[in-house]
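Participant: There's a structure below that I have some questions on.
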Amino acid sequence: MSALIAGIRKGSFVVFGRAGMDMFADPPGTRADEADTFRADLGGSSANICAGLCKLGMQSALVTSVSDDAVGRFCTNRLRHYGVDTQYLKVLGGEARVSLAVYESCIEDFQLVIYRNNAVDFQVTEEDVDRVNYDNFGALITAGTVFAAEPSRSATFRAFENARAAKLPVIFDIDYRPYSWPSAEVASEVLTRAGEESDLIVGNDEEFGFMAGSMDKGLAKARELAAKGKMVIYKMGHEGALTFTDGEEIRTGIYPVTAIKPNGAGDSFMAGLLAAIAEGRPLKEAVLRGSACASMVVSRPGCAPAMPTTSQLNDFLAACSGPTDI
């Protein structure tokens with residue numbers, strides 16, 4: 001576990017996964033199917049994590065493919081706007097496209113429509129991941145969507161091998177999205193393998209349940225992975241989180257807010273957690289700071305633009321009464 005913490009504390013992360021365009025109805029509270037105006041910004045789980053890390057004072061580089069068109073250039077420009085290193089982005093011509101998410105800032109009957117037909121981020125190859133200079137980073141992060149199709153599935157497992165050779169710990173956000181996978185059986189098998197090959201695994205109760213083959217076995221699956229020497233964070237929504245590390249079980253609550261949307265919370269949690277560990281904070285405090293970041297994001301429009309800066313996070317924590325008791 002010391003190697004995992006030591007890697008994170010370098011504050012420099014190489015991240016694998018997708019960048020996309022988010023379009024969200026404006027002003028907040030407007031239904032997407034009734035909107036006259038939409039705002040656009042960066043989206044996609046891995047890109048959001050990258051932006052969140054940079055806004056919290058860390059360094060991140062995204063390894064992905066983007067389409068050779070206006071939307072691909074938009075995503076690249078927004079990554080740079082947030083300070084993300086884009087040297088490992090591959091620009092692809094042809095028919096593959098950057099994914100698009102259309103949603104709204106309202107909780108009741110929340111609508112999220114994602115367009116991922118012929119998604120360009122699945123076109124990352126082993127050659128692409130071999131171009132990365134892993135020695136420049138402290139840890140590798142990936143979101144589970146990269147494993148849903150080839151060639152990015154094999155390429156990311158190759159990146160895991162490269163990380164191991166460079167003595168980088170592997171951080172895995174399960175991020176199970178059924179619409180990306182050919183079948184639940186394939187997803188369970190591949191995501192379980194990814195978990196076995198990772199040092200830190202973060203997911204919610206449904207995702208661990210899915211990996212275990214039954215929703216009521218998710219917690220047991222998390223404990224099983226932790227027993228193999230991994231750090232595991234088992235998120236339970238409004239009930240907080242359980243963190244398993246070195247035989248210890250840490251329970252943490254959440255920071256209640258008035259949410260205007262559900263998406264982006266997991267990406268912000270990951271960024272806040274890792275930034276806090278990199279700052280040398282105790283693990284329980286790091287998990288709580290991740291939870292605070294998640295609360296901030298669901299209470300603001302958008303995903304990447306809603307990720308807090310360090311000063312915004314500190315102001316939020318100073319103003320609230322503390323996390324819920326679990």
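Order determines the names: the first chain of the structure tokens is A, the second B, and so forth; residues in each chain are numbered 1 upward, and ligands are numbered 1 upward as they are shown.
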Please provide as a ChimeraX atom specification all residues within 10 Å of Ala165 in chain A, with the sequence filter that same-chain residues fewer than 6 positions apart are discarded (counting only C-alpha atoms).
Facilitator: /A:134-135,159
Participant: Extract, using only C-alpha atoms, all DNA, RNA and protein residues at most 6 Å from Ile254 in chain A, discarding same-chain residues fewer than 6 positions from it, and format them as a list in words.
Facilitator: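 The residues satisfying every condition are Gly240, Ser291, Pro323 and Thr324 of chain A.
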Participant: Now that the selection is made, can you save its residues with N, CA and C atoms as a PDB file, in the first residue's frame?
Facilitator:
```
ATOM      1  N   GLY A 240     -22.956   7.306   2.168  1.00  0.00           N
ATOM      2  CA  GLY A 240     -21.538   7.511   2.360  1.00  0.00           C
ATOM      3  C   GLY A 240     -20.680   6.476   1.658  1.00  0.00           C
ATOM      4  N   SER A 291     -15.608  13.367  -1.250  1.00  0.00           N
ATOM      5  CA  SER A 291     -17.060  13.437  -1.109  1.00  0.00           C
ATOM      6  C   SER A 291     -17.557  14.879  -1.216  1.00  0.00           C
ATOM      7  N   PRO A 323     -19.681  16.424   7.545  1.00  0.00           N
ATOM      8  CA  PRO A 323     -20.334  15.309   6.866  1.00  0.00           C
ATOM      9  C   PRO A 323     -21.394  14.659   7.746  1.00  0.00           C
ATOM     10  N   THR A 324     -22.265  13.893   7.120  1.00  0.00           N
ATOM     11  CA  THR A 324     -23.268  13.152   7.852  1.00  0.00           C
ATOM     12  C   THR A 324     -22.589  12.045   8.668  1.00  0.00           C
TER      13      THR A 324
END
```
Participant: Step one, run DSSP on the backbone; step two, keep only residues of range 53-161 of chain A assigned to strand (DSSP E or B); then write them as a PyMOL selection string.
Facilitator: chain A and resi 59-67+85+89-92+97+99-103+112-115+119+139-143
Participant: Near Tyr115 in chain A, counting only C-alpha atoms, which residues have an atom at most 10 Å away, once you skip same-chain residues fewer than 5 positions from it, shown as a PDB file with N, CA, C and O atoms, in the first residue's frame?
Facilitator:
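Generated file (out-v9.pdb):
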```pdb
ATOM      1  N   GLY A  20     -15.227  13.967 -24.087  1.00  0.00           N
ATOM      2  CA  GLY A  20     -16.434  14.167 -24.873  1.00  0.00           C
ATOM      3  C   GLY A  20     -16.929  15.584 -24.745  1.00  0.00           C
ATOM      4  O   GLY A  20     -16.385  16.394 -23.997  1.00  0.00           O
ATOM      5  N   ARG A  97     -16.275   9.256 -34.076  1.00  0.00           N
ATOM      6  CA  ARG A  97     -16.612  10.560 -33.527  1.00  0.00           C
ATOM      7  C   ARG A  97     -16.435  10.611 -32.012  1.00  0.00           C
ATOM      8  O   ARG A  97     -16.558   9.599 -31.307  1.00  0.00           O
ATOM      9  N   VAL A  98     -16.169  11.821 -31.519  1.00  0.00           N
ATOM     10  CA  VAL A  98     -16.172  12.087 -30.083  1.00  0.00           C
ATOM     11  C   VAL A  98     -17.594  11.886 -29.554  1.00  0.00           C
ATOM     12  O   VAL A  98     -18.580  12.200 -30.234  1.00  0.00           O
ATOM     13  N   SER A  99     -17.715  11.352 -28.340  1.00  0.00           N
ATOM     14  CA  SER A  99     -19.038  11.139 -27.770  1.00  0.00           C
ATOM     15  C   SER A  99     -19.671  12.460 -27.337  1.00  0.00           C
ATOM     16  O   SER A  99     -18.977  13.434 -27.024  1.00  0.00           O
ATOM     17  N   LEU A 100     -20.994  12.474 -27.318  1.00  0.00           N
ATOM     18  CA  LEU A 100     -21.768  13.659 -26.954  1.00  0.00           C
ATOM     19  C   LEU A 100     -22.771  13.276 -25.881  1.00  0.00           C
ATOM     20  O   LEU A 100     -23.487  12.284 -26.018  1.00  0.00           O
ATOM     21  N   ALA A 101     -22.822  14.066 -24.814  1.00  0.00           N
ATOM     22  CA  ALA A 101     -23.812  13.866 -23.756  1.00  0.00           C
ATOM     23  C   ALA A 101     -24.717  15.085 -23.691  1.00  0.00           C
ATOM     24  O   ALA A 101     -24.238  16.221 -23.616  1.00  0.00           O
ATOM     25  N   VAL A 102     -26.018  14.850 -23.745  1.00  0.00           N
ATOM     26  CA  VAL A 102     -27.002  15.930 -23.635  1.00  0.00           C
ATOM     27  C   VAL A 102     -27.816  15.686 -22.371  1.00  0.00           C
ATOM     28  O   VAL A 102     -28.377  14.600 -22.185  1.00  0.00           O
TER      29      VAL A 102
END
```
Participant: Just give me the gap between CA of His238 in chain A and CA of Ala259 in chain A in Å, one decimal is fine.
Facilitator: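 Pair CA of His238 in chain A / CA of Ala259 in chain A returns 11.7 Å.
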Participant: Can you list every residue of range 19-44 of chain A that has an atom at most 12 Å from range 50-65 of chain A, with its nearest atom pair and the distance in Å to one decimal, using only C-alpha atoms, ordered by chain then number, as a tab-separated table?
Facilitator:
```
residue	atom	partner	partner_atom	distance
A:Ala19	CA	A:Thr64	CA	7.4
A:Gly20	CA	A:Ser65	CA	10.4
A:Asp41	CA	A:Ala51	CA	11.4
A:Leu42	CA	A:Ala51	CA	8.8
A:Gly43	CA	A:Ala51	CA	9.5
A:Gly44	CA	A:Cys50	CA	10.0
```
Participant: Those selected residues, please, written with N, CA, C and O atoms and delivered as a compact mmCIF listing (two decimals), in the first residue's frame.
Facilitator:
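Saved as again38.txt:
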```txt
# COMPACT_ATOMS: atom_id res chain seq x y z
N ALA A 19 -12.64 11.63 -23.74
CA ALA A 19 -13.05 13.03 -23.65
C ALA A 19 -14.28 13.17 -24.52
O ALA A 19 -14.38 12.55 -25.59
N GLY A 20 -15.23 13.97 -24.09
CA GLY A 20 -16.43 14.17 -24.87
C GLY A 20 -16.93 15.58 -24.75
O GLY A 20 -16.38 16.39 -24.00
N ASP A 41 -19.49 22.24 -22.86
CA ASP A 41 -18.18 22.20 -22.20
C ASP A 41 -17.63 20.79 -22.31
O ASP A 41 -18.23 19.91 -22.94
N LEU A 42 -16.48 20.58 -21.70
CA LEU A 42 -15.81 19.29 -21.70
C LEU A 42 -16.60 18.29 -20.87
O LEU A 42 -17.17 18.63 -19.83
N GLY A 43 -16.63 17.05 -21.33
CA GLY A 43 -17.23 15.96 -20.59
C GLY A 43 -16.46 14.68 -20.82
O GLY A 43 -15.38 14.68 -21.40
N GLY A 44 -17.03 13.56 -20.39
CA GLY A 44 -16.35 12.27 -20.48
C GLY A 44 -15.63 11.99 -19.19
O GLY A 44 -14.88 12.83 -18.68
```
Participant: Write out as a PyMOL selection string which residues come within 6 Å of Val170 in chain A when counting only C-alpha atoms, dropping same-chain ones fewer than 6 positions away.
Facilitator: chain A and resi 140+198-199
Participant: I'd like the neighbourhood of Tyr255 in chain A as a compact mmCIF listing (two decimals) with N, CA and C atoms, in the first residue's frame, where a residue qualifies if any of its atoms comes within 10 Å (using only C-alpha atoms), though same-chain residues fewer than 2 positions away should be ignored.
Facilitator:
```txt
# COMPACT_ATOMS: atom_id res chain seq x y z
N HIS A 238 -26.07 8.29 -0.84
CA HIS A 238 -26.34 9.14 0.32
C HIS A 238 -25.93 8.48 1.64
N GLY A 240 -22.96 7.31 2.17
CA GLY A 240 -21.54 7.51 2.36
C GLY A 240 -20.68 6.48 1.66
N GLY A 253 -19.17 9.77 5.80
CA GLY A 253 -20.46 10.27 5.36
C GLY A 253 -20.33 11.15 4.13
N VAL A 257 -26.24 18.55 0.04
CA VAL A 257 -26.43 19.77 -0.75
C VAL A 257 -27.76 19.65 -1.49
N LEU A 288 -13.15 12.17 2.53
CA LEU A 288 -14.15 13.21 2.81
C LEU A 288 -14.01 14.39 1.84
N ARG A 289 -12.79 14.75 1.52
CA ARG A 289 -12.61 15.84 0.55
C ARG A 289 -13.13 15.41 -0.84
N SER A 291 -15.61 13.37 -1.25
CA SER A 291 -17.06 13.44 -1.11
C SER A 291 -17.56 14.88 -1.22
N ALA A 292 -16.80 15.81 -0.64
CA ALA A 292 -17.18 17.22 -0.74
C ALA A 292 -17.14 17.68 -2.20
N CYS A 293 -16.13 17.26 -2.94
CA CYS A 293 -16.05 17.61 -4.36
C CYS A 293 -17.26 17.07 -5.12
N ALA A 294 -17.65 15.84 -4.80
CA ALA A 294 -18.82 15.25 -5.46
C ALA A 294 -20.07 16.07 -5.17
N SER A 295 -20.23 16.48 -3.93
CA SER A 295 -21.40 17.30 -3.57
C SER A 295 -21.40 18.63 -4.31
N MET A 296 -20.24 19.23 -4.43
CA MET A 296 -20.16 20.51 -5.13
C MET A 296 -20.55 20.36 -6.60
N PHE A 316 -15.98 25.73 0.74
CA PHE A 316 -17.16 24.88 0.93
C PHE A 316 -17.09 24.15 2.26
N LEU A 317 -15.92 23.56 2.55
CA LEU A 317 -15.76 22.80 3.78
C LEU A 317 -15.86 23.70 5.01
N CYS A 320 -19.72 24.57 5.62
CA CYS A 320 -20.72 23.56 5.93
C CYS A 320 -20.50 22.99 7.34
N SER A 321 -21.50 22.32 7.85
CA SER A 321 -21.47 21.84 9.22
C SER A 321 -20.74 20.52 9.38
N GLY A 322 -20.28 19.97 8.29
CA GLY A 322 -19.54 18.71 8.36
C GLY A 322 -20.31 17.60 7.68
N PRO A 323 -19.68 16.42 7.54
CA PRO A 323 -20.33 15.31 6.87
C PRO A 323 -21.39 14.66 7.75
N THR A 324 -22.27 13.89 7.12
CA THR A 324 -23.27 13.15 7.85
C THR A 324 -22.59 12.04 8.67
```
Participant: For each of A:Glu196, A:Asp85, A:Glu104, A:Asp22, take the minimum atom-to-atom distance to Pro262 in chain A, counting only C-alpha atoms, then give the residue where this is smallest.
Facilitator: A:Glu104
Participant: Skip Gln123 in chain A itself and residues of its chain fewer than 5 positions away, then list as a count of residues only all residues within 9 Å of it, counting only C-alpha atoms.
Facilitator: 8
Participant: Between A:Phe16, A:Ile326, A:Ala220, A:Lys230, which has the minimum distance to Val129 in chain A (counting only C-alpha atoms)?
Facilitator: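 The answer is A:Phe16, which sits nearest to Val129 in chain A.
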Participant: Taking only C-alpha atoms into account, name the residue in A:Ile260, A:Ile8, A:Val297, A:Ala25 that is nearest to Phe137 in chain A.
Facilitator: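 Of A:Ile260, A:Ile8, A:Val297, A:Ala25, the one nearest Phe137 in chain A, counting only C-alpha atoms, is A:Ile8.
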Participant: Write down as number ranges by chain the residues belonging to range 46-219 of chain A that are assigned alpha helix (DSSP H) by DSSP computed on the backbone.
Facilitator: A: 46-55, 70-81, 126-130, 152-165, 184-196, 205-212, 218-219
Participant: Those same residues, written as a PDB file, in the first residue's frame with C-alpha atoms?
Facilitator:
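Full text of selection_22.pdb as output:
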```pdb
ATOM      1  CA  SER A  46     -11.561  10.460 -17.783  1.00  0.00           C
ATOM      2  CA  ALA A  47     -11.435  14.007 -19.130  1.00  0.00           C
ATOM      3  CA  ASN A  48     -13.472  15.165 -16.133  1.00  0.00           C
ATOM      4  CA  ILE A  49     -11.050  13.475 -13.754  1.00  0.00           C
ATOM      5  CA  CYS A  50      -8.145  15.179 -15.544  1.00  0.00           C
ATOM      6  CA  ALA A  51      -9.788  18.594 -15.308  1.00  0.00           C
ATOM      7  CA  GLY A  52     -10.701  18.035 -11.668  1.00  0.00           C
ATOM      8  CA  LEU A  53      -7.125  17.097 -10.782  1.00  0.00           C
ATOM      9  CA  CYS A  54      -5.698  20.153 -12.530  1.00  0.00           C
ATOM     10  CA  LYS A  55      -8.162  22.488 -10.816  1.00  0.00           C
ATOM     11  CA  ALA A  70     -14.695  20.797 -34.878  1.00  0.00           C
ATOM     12  CA  VAL A  71     -16.001  18.779 -31.922  1.00  0.00           C
ATOM     13  CA  GLY A  72     -12.712  16.962 -31.467  1.00  0.00           C
ATOM     14  CA  ARG A  73     -10.866  20.280 -31.559  1.00  0.00           C
ATOM     15  CA  PHE A  74     -13.370  21.736 -29.095  1.00  0.00           C
ATOM     16  CA  CYS A  75     -12.606  18.942 -26.616  1.00  0.00           C
ATOM     17  CA  THR A  76      -8.864  19.353 -27.104  1.00  0.00           C
ATOM     18  CA  ASN A  77      -9.104  23.101 -26.550  1.00  0.00           C
ATOM     19  CA  ARG A  78     -11.178  22.642 -23.378  1.00  0.00           C
ATOM     20  CA  LEU A  79      -8.696  20.108 -22.020  1.00  0.00           C
ATOM     21  CA  ARG A  80      -5.945  22.668 -22.518  1.00  0.00           C
ATOM     22  CA  HIS A  81      -8.137  25.353 -20.955  1.00  0.00           C
ATOM     23  CA  GLU A 126      -1.158  -0.560 -28.080  1.00  0.00           C
ATOM     24  CA  GLU A 127       1.143   1.622 -30.161  1.00  0.00           C
ATOM     25  CA  ASP A 128      -0.532   4.712 -28.671  1.00  0.00           C
ATOM     26  CA  VAL A 129      -0.043   3.592 -25.070  1.00  0.00           C
ATOM     27  CA  ASP A 130       3.555   2.585 -25.751  1.00  0.00           C
ATOM     28  CA  SER A 152      -8.814   0.182 -26.465  1.00  0.00           C
ATOM     29  CA  ARG A 153      -9.439  -2.826 -24.189  1.00  0.00           C
ATOM     30  CA  SER A 154      -6.205  -4.585 -25.124  1.00  0.00           C
ATOM     31  CA  ALA A 155      -4.373  -1.266 -25.304  1.00  0.00           C
ATOM     32  CA  THR A 156      -5.321  -0.343 -21.741  1.00  0.00           C
ATOM     33  CA  PHE A 157      -4.293  -3.724 -20.378  1.00  0.00           C
ATOM     34  CA  ARG A 158      -1.013  -3.132 -22.215  1.00  0.00           C
ATOM     35  CA  ALA A 159      -0.793   0.246 -20.442  1.00  0.00           C
ATOM     36  CA  PHE A 160      -1.224  -1.605 -17.133  1.00  0.00           C
ATOM     37  CA  GLU A 161       1.812  -3.730 -18.039  1.00  0.00           C
ATOM     38  CA  ASN A 162       3.799  -0.634 -18.957  1.00  0.00           C
ATOM     39  CA  ALA A 163       2.839   0.987 -15.662  1.00  0.00           C
ATOM     40  CA  ARG A 164       3.947  -2.060 -13.719  1.00  0.00           C
ATOM     41  CA  ALA A 165       7.293  -2.023 -15.516  1.00  0.00           C
ATOM     42  CA  ALA A 184     -23.220  -7.959 -19.246  1.00  0.00           C
ATOM     43  CA  GLU A 185     -21.252 -11.232 -19.186  1.00  0.00           C
ATOM     44  CA  VAL A 186     -18.328  -9.750 -21.139  1.00  0.00           C
ATOM     45  CA  ALA A 187     -18.392  -6.634 -18.980  1.00  0.00           C
ATOM     46  CA  SER A 188     -18.318  -8.609 -15.731  1.00  0.00           C
ATOM     47  CA  GLU A 189     -15.402 -10.750 -16.888  1.00  0.00           C
ATOM     48  CA  VAL A 190     -13.307  -7.871 -18.222  1.00  0.00           C
ATOM     49  CA  LEU A 191     -13.985  -5.438 -15.359  1.00  0.00           C
ATOM     50  CA  THR A 192     -13.175  -8.157 -12.836  1.00  0.00           C
ATOM     51  CA  ARG A 193      -9.837  -8.707 -14.563  1.00  0.00           C
ATOM     52  CA  ALA A 194      -9.152  -4.963 -14.460  1.00  0.00           C
ATOM     53  CA  GLY A 195      -9.918  -4.927 -10.753  1.00  0.00           C
ATOM     54  CA  GLU A 196      -7.560  -7.833 -10.130  1.00  0.00           C
ATOM     55  CA  ASP A 205     -22.421  -0.520  -4.626  1.00  0.00           C
ATOM     56  CA  GLU A 206     -24.149  -1.354  -7.909  1.00  0.00           C
ATOM     57  CA  GLU A 207     -20.843  -1.600  -9.792  1.00  0.00           C
ATOM     58  CA  PHE A 208     -19.290  -3.937  -7.227  1.00  0.00           C
ATOM     59  CA  GLY A 209     -22.506  -5.947  -7.219  1.00  0.00           C
ATOM     60  CA  PHE A 210     -22.310  -6.215 -10.971  1.00  0.00           C
ATOM     61  CA  MET A 211     -18.715  -7.454 -10.786  1.00  0.00           C
ATOM     62  CA  ALA A 212     -19.777 -10.019  -8.183  1.00  0.00           C
ATOM     63  CA  GLY A 218     -21.096  -6.292  -3.957  1.00  0.00           C
ATOM     64  CA  LEU A 219     -19.816  -5.573  -0.471  1.00  0.00           C
TER      65      LEU A 219
END
```
